[in-house]
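Colleague: query29.pdb is reproduced in full below (PDB, C-alpha atoms).
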ATOM      1  CA  MET A   1      -7.622  46.630   6.969
ATOM      2  CA  GLN A   2      -7.317  47.726  10.583
ATOM      3  CA  SER A   3      -5.977  44.924  12.768
ATOM      4  CA  VAL A   4      -9.291  44.404  14.640
ATOM      5  CA  LEU A   5     -12.660  45.112  13.042
ATOM      6  CA  ASP A   6     -16.002  45.107  14.899
ATOM      7  CA  ILE A   7     -18.550  43.478  12.569
ATOM      8  CA  GLY A   8     -21.490  43.632  14.980
ATOM      9  CA  ASN A   9     -23.329  41.343  17.393
ATOM     10  CA  GLY A  10     -20.257  40.859  19.552
ATOM     11  CA  ILE A  11     -18.125  39.608  16.645
ATOM     12  CA  SER A  12     -14.643  40.965  15.988
ATOM     13  CA  LEU A  13     -12.473  40.131  12.985
ATOM     14  CA  LEU A  14      -8.766  39.894  13.714
ATOM     15  CA  ASP A  15      -6.046  39.678  11.080
ATOM     16  CA  ALA A  16      -4.029  36.514  11.837
ATOM     17  CA  ARG A  17      -0.973  38.034  10.076
ATOM     18  CA  TYR A  18      -0.428  34.743   8.265
ATOM     19  CA  ILE A  19       2.286  35.138   5.572
ATOM     20  CA  GLN A  20       0.998  38.654   4.810
ATOM     21  CA  GLU A  21      -1.778  40.984   5.922
ATOM     22  CA  ASP A  22      -5.423  40.413   4.956
ATOM     23  CA  ILE A  23      -4.913  36.742   4.070
ATOM     24  CA  ALA A  24      -6.289  34.877   7.110
ATOM     25  CA  ALA A  25      -8.797  35.917   9.756
ATOM     26  CA  VAL A  26      -9.546  34.934  13.339
ATOM     27  CA  TYR A  27     -12.993  35.722  14.737
ATOM     28  CA  LEU A  28     -13.658  36.622  18.373
ATOM     29  CA  LEU A  29     -17.260  35.978  19.378
ATOM     30  CA  ARG A  30     -18.128  37.672  22.676
ATOM     31  CA  GLN A  31     -21.134  36.693  24.772
ATOM     32  CA  ALA A  32     -21.400  38.364  28.188
ATOM     33  CA  ASP A  33     -17.830  38.334  29.529
ATOM     34  CA  GLU A  34     -16.643  35.235  27.726
ATOM     35  CA  VAL A  35     -15.218  34.700  24.260
ATOM     36  CA  ALA A  36     -15.249  31.946  21.676
ATOM     37  CA  ILE A  37     -12.332  32.116  19.255
ATOM     38  CA  ILE A  38     -13.117  30.764  15.776
ATOM     39  CA  GLU A  39      -9.896  29.863  13.912
ATOM     40  CA  THR A  40      -6.543  30.275  15.646
ATOM     41  CA  GLY A  41      -4.017  31.376  13.071
ATOM     42  CA  THR A  42      -0.504  30.282  14.056
ATOM     43  CA  LYS A  43       1.903  30.632  16.951
ATOM     44  CA  TYR A  44       2.629  34.133  15.689
ATOM     45  CA  THR A  45      -1.059  35.119  15.932
ATOM     46  CA  LEU A  46      -1.288  34.715  19.724
ATOM     47  CA  PRO A  47       0.059  38.191  20.674
ATOM     48  CA  HIS A  48      -2.515  39.793  18.335
ATOM     49  CA  ILE A  49      -5.338  37.759  19.923
ATOM     50  CA  GLU A  50      -4.178  38.785  23.396
ATOM     51  CA  LYS A  51      -4.078  42.450  22.375
ATOM     52  CA  ALA A  52      -7.587  42.236  20.876
ATOM     53  CA  LEU A  53      -8.920  40.656  24.078
ATOM     54  CA  ASN A  54      -7.228  43.328  26.207
ATOM     55  CA  GLN A  55      -8.851  46.045  24.106
ATOM     56  CA  GLN A  56     -12.221  44.619  25.225
ATOM     57  CA  GLY A  57     -11.140  44.496  28.874
ATOM     58  CA  LEU A  58     -10.688  40.727  28.669
ATOM     59  CA  SER A  59      -7.839  38.232  28.854
ATOM     60  CA  PHE A  60      -7.010  34.665  27.869
ATOM     61  CA  ALA A  61      -8.736  33.565  31.109
ATOM     62  CA  ASP A  62     -12.063  34.712  29.604
ATOM     63  CA  VAL A  63     -11.833  32.409  26.582
ATOM     64  CA  ALA A  64     -14.434  29.634  26.875
ATOM     65  CA  TYR A  65     -13.982  27.920  23.497
ATOM     66  CA  VAL A  66     -11.306  27.626  20.807
ATOM     67  CA  ILE A  67     -12.912  26.515  17.531
ATOM     68  CA  PRO A  68     -10.816  25.766  14.425
ATOM     69  CA  THR A  69     -13.102  24.974  11.470
ATOM     70  CA  HIS A  70     -10.649  22.265  10.365
ATOM     71  CA  VAL A  71      -7.086  21.184  11.053
ATOM     72  CA  HIS A  72      -5.219  22.766   8.118
ATOM     73  CA  LEU A  73      -2.472  24.722   9.797
ATOM     74  CA  ASP A  74      -3.460  28.210   8.655
ATOM     75  CA  HIS A  75      -6.636  27.568  10.691
ATOM     76  CA  ALA A  76      -5.399  25.435  13.580
ATOM     77  CA  ALA A  77      -1.614  25.709  14.015
ATOM     78  CA  GLY A  78      -2.027  28.000  17.007
ATOM     79  CA  ALA A  79      -4.635  25.832  18.751
ATOM     80  CA  GLY A  80      -2.311  24.024  21.141
ATOM     81  CA  MET A  81      -0.427  27.100  22.255
ATOM     82  CA  LEU A  82      -3.703  29.005  22.587
ATOM     83  CA  MET A  83      -5.172  26.249  24.751
ATOM     84  CA  ASP A  84      -2.052  26.350  26.938
ATOM     85  CA  VAL A  85      -2.674  30.005  27.818
ATOM     86  CA  CYS A  86      -6.502  29.805  27.881
ATOM     87  CA  ASP A  87      -6.808  27.743  31.063
ATOM     88  CA  ASN A  88     -10.632  27.729  31.077
ATOM     89  CA  ALA A  89     -11.172  26.902  27.404
ATOM     90  CA  LYS A  90     -12.370  23.785  25.618
ATOM     91  CA  LEU A  91     -11.283  22.996  22.070
ATOM     92  CA  VAL A  92     -14.220  22.285  19.723
ATOM     93  CA  ILE A  93     -13.201  20.337  16.632
ATOM     94  CA  HIS A  94     -14.632  18.070  13.932
ATOM     95  CA  PRO A  95     -14.518  14.387  15.005
ATOM     96  CA  TYR A  96     -12.187  13.567  12.092
ATOM     97  CA  GLY A  97      -9.785  16.310  13.159
ATOM     98  CA  ALA A  98      -9.662  15.697  16.906
ATOM     99  CA  ARG A  99      -6.854  13.115  16.821
ATOM    100  CA  HIS A 100      -4.652  15.519  14.846
ATOM    101  CA  MET A 101      -5.048  18.174  17.524
ATOM    102  CA  ILE A 102      -4.240  15.692  20.284
ATOM    103  CA  ASP A 103      -1.256  14.312  18.360
ATOM    104  CA  PRO A 104      -0.208  16.751  15.609
ATOM    105  CA  SER A 105       2.815  14.732  14.471
ATOM    106  CA  LYS A 106       1.273  13.738  11.113
ATOM    107  CA  LEU A 107       0.161  17.316  10.450
ATOM    108  CA  ILE A 108       3.674  18.546  11.153
ATOM    109  CA  ALA A 109       5.347  15.886   9.017
ATOM    110  CA  GLY A 110       2.959  16.438   6.105
ATOM    111  CA  THR A 111       3.419  20.188   6.171
ATOM    112  CA  ILE A 112       7.212  19.953   6.350
ATOM    113  CA  ALA A 113       7.094  17.567   3.389
ATOM    114  CA  VAL A 114       5.289  20.259   1.366
ATOM    115  CA  TYR A 115       7.097  23.412   2.547
ATOM    116  CA  GLY A 116      10.405  22.249   4.056
ATOM    117  CA  GLU A 117      11.600  22.844   7.610
ATOM    118  CA  GLU A 118      12.616  26.480   7.086
ATOM    119  CA  LYS A 119       9.273  27.557   5.596
ATOM    120  CA  PHE A 120       7.403  25.511   8.211
ATOM    121  CA  GLN A 121       9.081  27.466  11.004
ATOM    122  CA  GLN A 122       8.574  30.756   9.165
ATOM    123  CA  PHE A 123       4.859  30.184   8.544
ATOM    124  CA  TYR A 124       3.730  28.198  11.595
ATOM    125  CA  GLY A 125       6.368  27.911  14.311
ATOM    126  CA  GLU A 126       5.815  25.379  17.065
ATOM    127  CA  ILE A 127       2.748  23.089  16.992
ATOM    128  CA  VAL A 128       1.651  22.023  20.490
ATOM    129  CA  PRO A 129      -0.592  19.014  21.294
ATOM    130  CA  VAL A 130      -3.969  19.605  22.970
ATOM    131  CA  ASP A 131      -4.979  17.637  26.070
ATOM    132  CA  GLY A 132      -7.643  15.167  24.921
ATOM    133  CA  ASN A 133      -9.635  15.780  28.114
ATOM    134  CA  ARG A 134     -10.242  19.353  26.954
ATOM    135  CA  VAL A 135     -11.505  18.422  23.474
ATOM    136  CA  ILE A 136     -15.165  18.490  22.403
ATOM    137  CA  GLU A 137     -15.900  16.620  19.163
ATOM    138  CA  ALA A 138     -18.640  18.445  17.239
ATOM    139  CA  GLY A 139     -20.359  16.216  14.713
ATOM    140  CA  ASP A 140     -23.077  17.274  12.295
ATOM    141  CA  GLY A 141     -25.931  19.010  14.117
ATOM    142  CA  PHE A 142     -23.999  19.448  17.366
ATOM    143  CA  THR A 143     -25.114  22.546  19.264
ATOM    144  CA  LEU A 144     -23.220  24.533  21.834
ATOM    145  CA  ASP A 145     -24.995  26.754  24.345
ATOM    146  CA  PHE A 146     -22.566  29.640  24.717
ATOM    147  CA  ASN A 147     -24.105  31.633  27.580
ATOM    148  CA  GLY A 148     -27.507  31.441  25.906
ATOM    149  CA  ARG A 149     -26.094  32.004  22.413
ATOM    150  CA  ILE A 150     -26.644  28.862  20.344
ATOM    151  CA  LEU A 151     -23.880  27.776  17.983
ATOM    152  CA  GLU A 152     -24.742  24.962  15.558
ATOM    153  CA  PHE A 153     -22.077  22.882  13.822
ATOM    154  CA  LEU A 154     -22.550  21.657  10.244
ATOM    155  CA  ASP A 155     -20.470  18.910   8.692
ATOM    156  CA  THR A 156     -19.316  20.528   5.428
ATOM    157  CA  PRO A 157     -16.965  18.275   3.446
ATOM    158  CA  GLY A 158     -15.608  19.094   0.011
ATOM    159  CA  HIS A 159     -12.557  21.119   0.946
ATOM    160  CA  ALA A 160     -11.664  18.632   3.692
ATOM    161  CA  ARG A 161     -13.481  15.765   5.373
ATOM    162  CA  HIS A 162     -12.565  17.180   8.792
ATOM    163  CA  HIS A 163     -14.315  20.504   8.175
ATOM    164  CA  PHE A 164     -17.334  21.997   9.902
ATOM    165  CA  CYS A 165     -18.977  25.391   9.617
ATOM    166  CA  VAL A 166     -20.431  27.250  12.586
ATOM    167  CA  TRP A 167     -23.904  28.813  12.502
ATOM    168  CA  ASP A 168     -24.449  31.670  14.959
ATOM    169  CA  LYS A 169     -28.210  31.936  15.161
ATOM    170  CA  LEU A 170     -28.173  35.233  17.053
ATOM    171  CA  SER A 171     -26.287  37.191  14.383
ATOM    172  CA  GLN A 172     -27.399  35.015  11.446
ATOM    173  CA  SER A 173     -23.717  34.560  10.608
ATOM    174  CA  MET A 174     -22.054  31.458   9.217
ATOM    175  CA  PHE A 175     -18.352  30.948   9.942
ATOM    176  CA  THR A 176     -17.282  29.031   6.870
ATOM    177  CA  GLY A 177     -13.554  28.303   7.129
ATOM    178  CA  ASP A 178     -12.565  27.291   3.597
ATOM    179  CA  THR A 179     -15.849  25.688   2.488
ATOM    180  CA  PHE A 180     -17.282  28.920   1.090
ATOM    181  CA  GLY A 181     -14.114  29.813  -0.762
ATOM    182  CA  LEU A 182     -11.721  32.757  -0.828
ATOM    183  CA  SER A 183     -12.603  36.408  -1.313
ATOM    184  CA  TYR A 184     -10.152  39.232  -0.738
ATOM    185  CA  ARG A 185     -11.371  42.688   0.158
ATOM    186  CA  GLU A 186      -8.821  44.406  -2.099
ATOM    187  CA  PHE A 187     -10.811  43.028  -5.043
ATOM    188  CA  ASP A 188     -14.165  44.542  -4.006
ATOM    189  CA  VAL A 189     -15.746  46.931  -6.489
ATOM    190  CA  GLY A 190     -18.578  48.761  -4.754
ATOM    191  CA  ASP A 191     -20.935  46.053  -3.497
ATOM    192  CA  ALA A 192     -19.560  43.463  -5.918
ATOM    193  CA  VAL A 193     -17.209  40.808  -4.524
ATOM    194  CA  PHE A 194     -14.947  38.333  -6.270
ATOM    195  CA  ILE A 195     -14.932  34.789  -4.876
ATOM    196  CA  PHE A 196     -13.410  31.480  -5.884
ATOM    197  CA  PRO A 197     -13.034  28.017  -4.320
ATOM    198  CA  THR A 198     -10.035  26.619  -2.512
ATOM    199  CA  THR A 199      -9.050  23.118  -3.642
ATOM    200  CA  THR A 200      -5.853  22.667  -1.629
ATOM    201  CA  PRO A 201      -4.576  19.143  -0.905
ATOM    202  CA  VAL A 202      -5.538  16.495  -0.040
ATOM    203  CA  GLN A 203      -9.299  15.921   0.263
ATOM    204  CA  PHE A 204     -10.937  18.004  -2.479
ATOM    205  CA  ASP A 205     -14.295  16.569  -3.559
ATOM    206  CA  PRO A 206     -16.207  18.825  -5.976
ATOM    207  CA  GLU A 207     -19.632  17.218  -5.594
ATOM    208  CA  ALA A 208     -19.403  17.308  -1.799
ATOM    209  CA  LEU A 209     -18.154  20.903  -1.911
ATOM    210  CA  ILE A 210     -21.066  22.113  -4.052
ATOM    211  CA  ALA A 211     -23.501  20.323  -1.714
ATOM    212  CA  SER A 212     -21.859  22.031   1.281
ATOM    213  CA  ILE A 213     -22.037  25.449  -0.403
ATOM    214  CA  GLU A 214     -25.727  24.897  -1.098
ATOM    215  CA  ARG A 215     -26.304  23.800   2.477
ATOM    216  CA  ILE A 216     -24.684  26.967   3.807
ATOM    217  CA  ALA A 217     -26.800  29.086   1.442
ATOM    218  CA  SER A 218     -29.970  27.289   2.604
ATOM    219  CA  TYR A 219     -29.567  28.886   6.044
ATOM    220  CA  GLN A 220     -29.917  32.286   4.335
ATOM    221  CA  PRO A 221     -27.142  33.864   6.422
ATOM    222  CA  LYS A 222     -26.921  37.623   6.577
ATOM    223  CA  GLN A 223     -23.177  37.201   6.274
ATOM    224  CA  VAL A 224     -20.643  34.451   5.762
ATOM    225  CA  CYS A 225     -17.467  34.982   7.764
ATOM    226  CA  LEU A 226     -14.656  33.717   5.564
ATOM    227  CA  THR A 227     -11.291  32.854   7.018
ATOM    228  CA  HIS A 228      -9.787  34.126   3.752
ATOM    229  CA  PHE A 229     -10.884  36.910   4.152
ATOM    230  CA  GLY A 230     -13.630  38.775   5.966
ATOM    231  CA  ALA A 231     -17.412  38.897   6.178
ATOM    232  CA  ILE A 232     -19.461  39.125   2.979
ATOM    233  CA  GLU A 233     -23.107  38.830   2.006
ATOM    234  CA  PRO A 234     -23.733  35.479   0.248
ATOM    235  CA  THR A 235     -25.974  36.824  -2.502
ATOM    236  CA  PRO A 236     -27.278  34.455  -5.215
ATOM    237  CA  SER A 237     -24.643  35.827  -7.601
ATOM    238  CA  VAL A 238     -21.876  35.120  -5.067
ATOM    239  CA  VAL A 239     -23.111  31.536  -4.596
ATOM    240  CA  ALA A 240     -23.344  31.049  -8.381
ATOM    241  CA  GLN A 241     -19.851  32.453  -8.902
ATOM    242  CA  LEU A 242     -18.420  30.094  -6.293
ATOM    243  CA  LYS A 243     -20.126  26.999  -7.708
ATOM    244  CA  GLU A 244     -19.028  27.930 -11.241
ATOM    245  CA  GLY A 245     -15.449  28.098  -9.966
ATOM    246  CA  VAL A 246     -15.697  24.602  -8.467
ATOM    247  CA  ARG A 247     -16.907  23.220 -11.792
ATOM    248  CA  TYR A 248     -14.288  25.079 -13.835
ATOM    249  CA  PHE A 249     -11.401  23.999 -11.615
ATOM    250  CA  SER A 250     -12.655  20.410 -11.639
ATOM    251  CA  ASP A 251     -12.762  20.422 -15.440
ATOM    252  CA  LEU A 252      -9.195  21.758 -15.556
ATOM    253  CA  ALA A 253      -8.052  18.887 -13.367
ATOM    254  CA  ARG A 254      -9.814  16.264 -15.441
ATOM    255  CA  GLU A 255      -8.242  17.647 -18.611
ATOM    256  CA  TYR A 256      -4.674  18.230 -17.471
ATOM    257  CA  ALA A 257      -3.889  16.428 -14.205
ATOM    258  CA  ASN A 258      -2.154  13.467 -15.836
ATOM    259  CA  HIS A 259      -0.171  15.573 -18.306
ATOM    260  CA  ALA A 260       3.604  15.771 -17.847
ATOM    261  CA  GLN A 261       3.329  19.562 -17.388
ATOM    262  CA  ALA A 262       0.157  19.419 -15.284
ATOM    263  CA  GLN A 263       1.221  21.941 -12.619
ATOM    264  CA  THR A 264       2.210  24.588 -15.164
ATOM    265  CA  MET A 265      -0.789  24.034 -17.426
ATOM    266  CA  ILE A 266      -3.413  24.118 -14.653
ATOM    267  CA  GLU A 267      -1.798  27.080 -12.899
ATOM    268  CA  SER A 268      -1.720  29.075 -16.135
ATOM    269  CA  SER A 269      -5.338  28.303 -17.033
ATOM    270  CA  MET A 270      -6.571  28.969 -13.503
ATOM    271  CA  MET A 271      -4.753  32.278 -13.242
ATOM    272  CA  ASP A 272      -6.136  33.396 -16.624
ATOM    273  CA  TYR A 273      -9.655  32.457 -15.496
ATOM    274  CA  LEU A 274      -9.351  34.398 -12.237
ATOM    275  CA  LEU A 275      -7.740  37.452 -13.822
ATOM    276  CA  GLN A 276     -10.431  37.548 -16.502
ATOM    277  CA  GLY A 277     -13.122  37.426 -13.831
ATOM    278  CA  LEU A 278     -11.494  40.312 -11.972
ATOM    279  CA  GLN A 279     -11.130  42.297 -15.190
ATOM    280  CA  ASN A 280     -14.826  41.746 -15.953
ATOM    281  CA  MET A 281     -15.628  43.184 -12.519
ATOM    282  CA  GLY A 282     -13.538  46.266 -13.220
ATOM    283  CA  VAL A 283     -10.437  45.433 -11.154
ATOM    284  CA  LYS A 284      -7.679  46.943 -13.267
ATOM    285  CA  ASP A 285      -4.346  46.317 -11.508
ATOM    286  CA  ARG A 286      -3.484  43.000 -13.144
ATOM    287  CA  ASP A 287       0.007  42.772 -11.638
ATOM    288  CA  PHE A 288      -1.308  43.251  -8.090
ATOM    289  CA  CYS A 289      -4.032  40.654  -8.667
ATOM    290  CA  GLU A 290      -1.536  38.136  -9.994
ATOM    291  CA  ARG A 291       0.762  38.616  -6.990
ATOM    292  CA  LYS A 292      -2.141  38.279  -4.558
ATOM    293  CA  LEU A 293      -3.428  35.101  -6.221
ATOM    294  CA  LYS A 294      -0.129  33.349  -6.956
ATOM    295  CA  ASN A 295       0.062  31.246  -3.780
ATOM    296  CA  ASP A 296      -3.618  30.264  -3.881
ATOM    297  CA  VAL A 297      -3.344  29.214  -7.525
ATOM    298  CA  ALA A 298      -0.289  27.046  -6.797
ATOM    299  CA  LEU A 299      -1.929  25.325  -3.807
ATOM    300  CA  ASN A 300      -5.238  24.882  -5.632
ATOM    301  CA  THR A 301      -3.410  23.247  -8.505
ATOM    302  CA  GLN A 302      -1.604  20.825  -6.180
ATOM    303  CA  GLY A 303      -4.957  19.831  -4.694
ATOM    304  CA  LEU A 304      -6.576  19.287  -8.074
ATOM    305  CA  ILE A 305      -3.722  17.098  -9.296
ATOM    306  CA  TYR A 306      -3.771  15.063  -6.090
ATOM    307  CA  TRP A 307      -7.545  14.588  -6.409
ATOM    308  CA  GLN A 308      -7.355  13.288  -9.964
ATOM    309  CA  GLN A 309      -4.324  11.082  -9.381
ATOM    310  CA  ASN A 310      -5.847   9.466  -6.272
ATOM    311  CA  LEU A 311      -9.379   8.721  -7.413
ATOM    312  CA  SER A 312     -10.528   5.386  -5.973
TER     313      SER A 312
END
Using structure tokens, write down the structure that the file contains.
Modeller:
Amino acid sequence: MQSVLDIGNGISLLDARYIQEDIAAVYLLRQADEVAIIETGTKYTLPHIEKALNQQGLSFADVAYVIPTHVHLDHAAGAGMLMDVCDNAKLVIHPYGARHMIDPSKLIAGTIAVYGEEKFQQFYGEIVPVDGNRVIEAGDGFTLDFNGRILEFLDTPGHARHHFCVWDKLSQSMFTGDTFGLSYREFDVGDAVFIFPTTTPVQFDPEALIASIERIASYQPKQVCLTHFGAIEPTPSVVAQLKEGVRYFSDLAREYANHAQAQTMIESSMMDYLLQGLQNMGVKDRDFCERKLKNDVALNTQGLIYWQQNLS
């Protein structure tokens, strides 16, 4: 994909260049001569955001809002550094995520515990705190008047309890973070898209996630803007495919999570399920698909095991 893609109604899709190309997106929403940035990528994304702004005759000074959908670091690691250079911006964040943006020490420690210090630096770089006086907490139903363009915030748990989605009434677009799953454009076959849920640690809740997916669909958006990756039409078949994936992954966890070889067994079954779905769609390069999905399958499996082993 080209590095910046105009998807209409003042919305640009920017590749965050997270780990590899076409994995994570940042969305620039322009209204008049100001911009709202939805998702931040990481420290390493900032030069690409600046270049995209410059291409529109704008700069960091024209950024009014920085809006991570939740505080997982592929969505919010760059927030503090972005706020430092966007002097006029406010950070809009879910109430449960605000404290982690103001003091990211637990986010940093948790991520290093998973990836190690070397990978943490490679993937995310420095994580900078955000001044609490510049933070807006957006609970369910919160609306933001962005120069006459109304943005509505929906509490959408299931992937994480600190997750909201953003409804742009003007364009009829829903910015869904991770709630509406993962769908990579390399897997498209004509108008058909392949989509599956993300169950990464540590707050997966299948019933809440299905309810959130249904809530998003109830708005009848013309497009859902996925962080991973790109804008797609949420047709009934797409919604059904996503909900089926939630149920299938949940069943895998219930069956295998307490087995001694849980990670291997769930990963293998999940990969087979995804590859079969892609084959049924007509995607033929199995090796490419497996490479593309490997990291997601591993993280999904970790989340499923954590969910089952920490049920209250």
Colleague: Do a neighbour search on Pro206 of chain A at 9 Å with all atoms listed in the file, toss out local chain neighbours closer than 3 positions, and write the hits as a PDB file with C-alpha atoms, in the frame of the given file.
Modeller:
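Once everything was written out, this is out35.pdb:
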ATOM      1  CA  GLY A 158     -15.608  19.094   0.011  1.00  0.00           C
ATOM      2  CA  HIS A 159     -12.557  21.119   0.946  1.00  0.00           C
ATOM      3  CA  THR A 199      -9.050  23.118  -3.642  1.00  0.00           C
ATOM      4  CA  LEU A 209     -18.154  20.903  -1.911  1.00  0.00           C
ATOM      5  CA  ILE A 210     -21.066  22.113  -4.052  1.00  0.00           C
ATOM      6  CA  ALA A 211     -23.501  20.323  -1.714  1.00  0.00           C
ATOM      7  CA  VAL A 246     -15.697  24.602  -8.467  1.00  0.00           C
ATOM      8  CA  ARG A 247     -16.907  23.220 -11.792  1.00  0.00           C
ATOM      9  CA  SER A 250     -12.655  20.410 -11.639  1.00  0.00           C
TER      10      SER A 250
END
Colleague: List as an mmCIF file with C-alpha atoms, in the frame of the given file the protein and nucleic acid residues near segment 215-223 of chain A, meaning an atom at most 7 Å away when all atoms listed in the file are counted, but skip any in the same chain fewer than 4 places from it.
Modeller:
data_model
loop_
_atom_site.group_PDB
_atom_site.id
_atom_site.type_symbol
_atom_site.label_atom_id
_atom_site.label_comp_id
_atom_site.auth_asym_id
_atom_site.auth_seq_id
_atom_site.Cartn_x
_atom_site.Cartn_y
_atom_site.Cartn_z
ATOM 1 C CA GLN A 172 -27.399 35.015 11.446
ATOM 2 C CA SER A 173 -23.717 34.560 10.608
ATOM 3 C CA MET A 174 -22.054 31.458 9.217
ATOM 4 C CA ALA A 211 -23.501 20.323 -1.714
ATOM 5 C CA ALA A 231 -17.412 38.897 6.178
ATOM 6 C CA ILE A 232 -19.461 39.125 2.979
ATOM 7 C CA GLU A 233 -23.107 38.830 2.006
ATOM 8 C CA PRO A 234 -23.733 35.479 0.248
#
Colleague: From the options A:Gln31, A:Phe153, A:Ile23, A:Glu267, which residue's atoms come nearest to Leu58 of chain A, counting only C-alpha atoms?
Modeller: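 Result for the nearest residue to Leu58 of chain A: A:Gln31.
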Colleague: For the atom pair atom CA of Thr227 of chain A and atom CA of Ile195 of chain A, what is the interatomic distance in Å to one decimal place?
Modeller: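 Atom-to-atom, atom CA of Thr227 of chain A and atom CA of Ile195 of chain A are spaced 12.6 Å apart.
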Colleague: Give as a list in words the residues that the PyMOL selection byres ((chain A and resi 243-245) around 8) matches when applied to the coordinates above.
Modeller: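 This file gives the following for the PyMOL selection byres ((chain A and resi 243-245) around 8): Phe196, Pro197, Ile210, Ile213, Val239, Ala240, Gln241, Leu242, Val246, Arg247, Tyr248 and Phe249 of chain A.
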Colleague: How would you write, as a list in words, the residues chosen by the PyMOL selection byres ((chain A and resi 96) around 10) on this structure?
Modeller: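 Applied to this file, the PyMOL selection byres ((chain A and resi 96) around 10) returns His70, Val71, Ile93, His94, Pro95, Gly97, Ala98, Arg99, His100, Glu137, Ala138, Gly139, Ala160, Arg161, His162 and His163 of chain A.
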Colleague: At what distance in Å, to one decimal, does atom CA of Lys119 of chain A lie from atom CA of Val92 of chain A?
Modeller: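 Separation between atom CA of Val92 of chain A and atom CA of Lys119 of chain A: 27.9 Å.
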Colleague: Here's the selection I'm unsure about, the PyMOL selection byres ((chain A and resi 46) around 10); applied to the file above, which residues does it give, as a short mmCIF file (atom, residue, chain, number, x, y, z; two decimals) with C-alpha atoms, in the coordinates of the input?
Modeller:
data_model
loop_
_atom_site.label_atom_id
_atom_site.label_comp_id
_atom_site.auth_asym_id
_atom_site.auth_seq_id
_atom_site.Cartn_x
_atom_site.Cartn_y
_atom_site.Cartn_z
CA ALA A 16 -4.03 36.51 11.84
CA THR A 40 -6.54 30.28 15.65
CA GLY A 41 -4.02 31.38 13.07
CA THR A 42 -0.50 30.28 14.06
CA LYS A 43 1.90 30.63 16.95
CA TYR A 44 2.63 34.13 15.69
CA THR A 45 -1.06 35.12 15.93
CA PRO A 47 0.06 38.19 20.67
CA HIS A 48 -2.52 39.79 18.34
CA ILE A 49 -5.34 37.76 19.92
CA GLU A 50 -4.18 38.78 23.40
CA LYS A 51 -4.08 42.45 22.38
CA ALA A 52 -7.59 42.24 20.88
CA PHE A 60 -7.01 34.66 27.87
CA GLY A 78 -2.03 28.00 17.01
CA ALA A 79 -4.64 25.83 18.75
CA MET A 81 -0.43 27.10 22.26
CA LEU A 82 -3.70 29.00 22.59
CA VAL A 85 -2.67 30.00 27.82
#
Colleague: Quick one: of A:Arg254, A:Lys284, A:Arg30, A:Arg291, who's nearest to Leu53 of chain A, counting all atoms listed in the file?
Modeller: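 So, comparing all the options, the nearest one is A:Arg30.
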Colleague: Between atom CA of Glu152 of chain A and atom CA of Ala77 of chain A, what is the distance in Å, rounded to a tenth?
Modeller: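 If I compute the distance from atom CA of Glu152 of chain A to atom CA of Ala77 of chain A, I get 23.2 Å.
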Colleague: For Ile112 of chain A, find every residue with an atom within 12 Å (counting only C-alpha atoms), except residues of its own chain fewer than 2 positions away, and show them as a list in words.
Modeller: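 Contacts, in chain order: Leu73, Ser105, Lys106, Leu107, Ile108, Ala109, Gly110, Val114, Tyr115, Gly116, Glu117, Glu118, Lys119, Phe120, Gln121, Gln122, Phe123, Tyr124, Gly125 and Ile127 of chain A.
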Colleague: May I ask which of the residues A:Cys86, A:Ala76, A:Ala260, A:Ile19 is the closest one to Glu34 of chain A, counting all atoms listed in the file?
Modeller: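 Smallest separation from Glu34 of chain A among the options: A:Cys86.
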Colleague: Padding of 4 Å on every side, edges along x, y and z, all listed atoms of segment 143-157 of chain A included: what centre and edge lengths in Å, to one decimal, does that box have, as lines of an AutoDock Vina configuration file?
Modeller:
center_x = -22.2
center_y = 25.1
center_z = 15.5
size_x = 18.5
size_y = 21.7
size_z = 32.1
Colleague: Go through A:Leu299, A:Val128, A:Val283, A:Leu29 and flag the residue nearest Gly190 of chain A, using all atoms listed in the file for the distances.
Modeller: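 Among the listed residues, A:Val283 lies closest to Gly190 of chain A.
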